[in-house]
Structures are given as C-alpha cells and as structure tokens.
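So the structure is just underneath, and the comments pick up after that.
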Amino acid sequence: ATVEFALGLPSVVLVLAFSLSGVAWALDIESAQRGAAEGARTAIVDSDAAAMAVAKMASGHPDVSIGRSGDFVTAMRRTCRERIAETVQR
C-alpha cells in the first residue's frame, strides 16, 4: 500500500497544480475582459482618463490602455499571458 501511495501522490499533486493553474488563468482572463469592456463602454461617453479609471477599477489591474480609431473605441488590458481587447462602436 505504501508503494501505491508513493507512486500515486505525485500524480494527484500534479493534477491539482494544473487544475489550480487553469482556474487562475480563467479568472485572470475574465477579469481582463470585464475591465476592457467597461473601459470601452465608458470611453464612448466620457474622457479616456475616466475610461481608464473605470477599466482599472473593474479589472483590478493598472495596465489598461484606451485607443480610438474613427468611430471605434478599443480598451486593452494585459494579462499575464496576452492582451485582452474590447472594441465598441460609438
């Protein structure tokens, strides 16, 4: 029984580590998406500074940028692995 436990324990720990890593990644992506969406919506009706403040508050992360191109407003927030962008037309 001890050998089975010794061989099985690392597998259980590895599965747990991957599961927790996946949950953390999903929460980070969801937070970035929420912040970018709120920032883009705010940028339509308010200044870029106000939109960045809303996006920072909604996502809980200071790395937020707002861009404008014609009738489109894009808010971006960097996650630990990628940039999440939300584009909204005015």
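Letters for chains follow the order of the structure tokens (A, B, ...), residue numbers begin at 1 for each chain, and ligand numbers begin at 1 in the order shown.
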
Can you list, as a compact mmCIF listing (two decimals) with N, CA, C and O atoms, in the first residue's frame, every protein, DNA or RNA residue that comes within 8 Å of range 54-65 of chain A when you count only C-alpha atoms, leaving out same-chain residues fewer than 4 positions away?
# COMPACT_ATOMS: atom_id res chain seq x y z
N SER A 31 -11.42 38.67 -15.70
CA SER A 31 -11.21 39.99 -15.11
C SER A 31 -10.74 40.98 -16.17
O SER A 31 -11.21 42.13 -16.22
N ALA A 32 -9.84 40.55 -17.04
CA ALA A 32 -9.35 41.42 -18.11
C ALA A 32 -10.47 41.76 -19.08
O ALA A 32 -10.61 42.92 -19.51
N GLN A 33 -11.29 40.79 -19.43
CA GLN A 33 -12.40 41.03 -20.35
C GLN A 33 -13.41 42.01 -19.75
O GLN A 33 -13.87 42.91 -20.42
N ARG A 34 -13.72 41.82 -18.48
CA ARG A 34 -14.67 42.72 -17.81
C ARG A 34 -14.12 44.15 -17.77
O ARG A 34 -14.82 45.11 -18.06
N GLY A 35 -12.84 44.28 -17.43
CA GLY A 35 -12.24 45.62 -17.36
C GLY A 35 -12.18 46.29 -18.72
O GLY A 35 -12.48 47.48 -18.84
N ALA A 36 -11.81 45.54 -19.75
CA ALA A 36 -11.75 46.11 -21.10
C ALA A 36 -13.14 46.52 -21.59
O ALA A 36 -13.31 47.58 -22.19
N ALA A 37 -14.13 45.70 -21.33
CA ALA A 37 -15.50 46.02 -21.76
C ALA A 37 -16.03 47.26 -21.06
O ALA A 37 -16.59 48.16 -21.70
N GLU A 38 -15.83 47.33 -19.75
CA GLU A 38 -16.30 48.51 -19.01
C GLU A 38 -15.56 49.77 -19.45
O GLU A 38 -16.15 50.84 -19.58
N GLY A 39 -14.26 49.64 -19.70
CA GLY A 39 -13.48 50.78 -20.15
C GLY A 39 -13.93 51.28 -21.52
O GLY A 39 -14.05 52.48 -21.75
N THR A 42 -17.30 53.05 -21.24
CA THR A 42 -17.15 54.36 -20.60
C THR A 42 -16.49 55.36 -21.55
O THR A 42 -16.85 56.54 -21.56
N ALA A 50 -11.11 58.98 -17.64
CA ALA A 50 -12.21 58.39 -16.86
C ALA A 50 -12.43 56.93 -17.25
O ALA A 50 -12.67 56.08 -16.40
N ALA A 75 -10.49 49.31 -25.70
CA ALA A 75 -9.83 49.29 -24.39
C ALA A 75 -9.07 47.98 -24.29
O ALA A 75 -9.60 46.92 -24.63
N MET A 76 -7.82 48.05 -23.85
CA MET A 76 -6.99 46.85 -23.73
C MET A 76 -6.43 46.73 -22.33
O MET A 76 -6.08 47.73 -21.70
N ARG A 77 -6.33 45.50 -21.88
CA ARG A 77 -5.70 45.22 -20.60
C ARG A 77 -4.81 44.01 -20.76
O ARG A 77 -5.21 43.00 -21.33
N ARG A 78 -3.59 44.10 -20.30
CA ARG A 78 -2.65 42.99 -20.41
C ARG A 78 -2.88 42.00 -19.26
O ARG A 78 -3.00 42.41 -18.11

Backbone-only DSSP, alpha helix (DSSP H) members of chain A, as a ChimeraX atom specification: /A:2-45,48-59

Restricting to only C-alpha atoms, whichever of A:Val23, A:Ala51, A:Thr2, A:Ala43 is closest to Gln89 in chain A is A:Ala43

Which neighbours of Val88 in chain A fall inside 8 Å, counting only C-alpha atoms, when residues of the same chain fewer than 5 positions from it are skipped, and could you give them as number ranges by chain? A: 40-41, 44, 72-74

To one decimal in Å, tell me the separation between CA of Ser69 in chain A and CA of Asp48 in chain A.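 Answer for the CA of Ser69 in chain A to CA of Asp48 in chain A separation: 13.1 Å.
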
Using CA of Glu4 in chain A and CA of Leu20 in chain A as the two end points, give the distance in Å to one decimal. 24.3 Å

As a PyMOL selection string, please: all residues of chain A that backbone DSSP puts in strand (DSSP E or B). chain A and resi 64-69+72-78+83-89

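The space between CA of Ser19 in chain A and CA of Val3 in chain A spans 24.9 Å.
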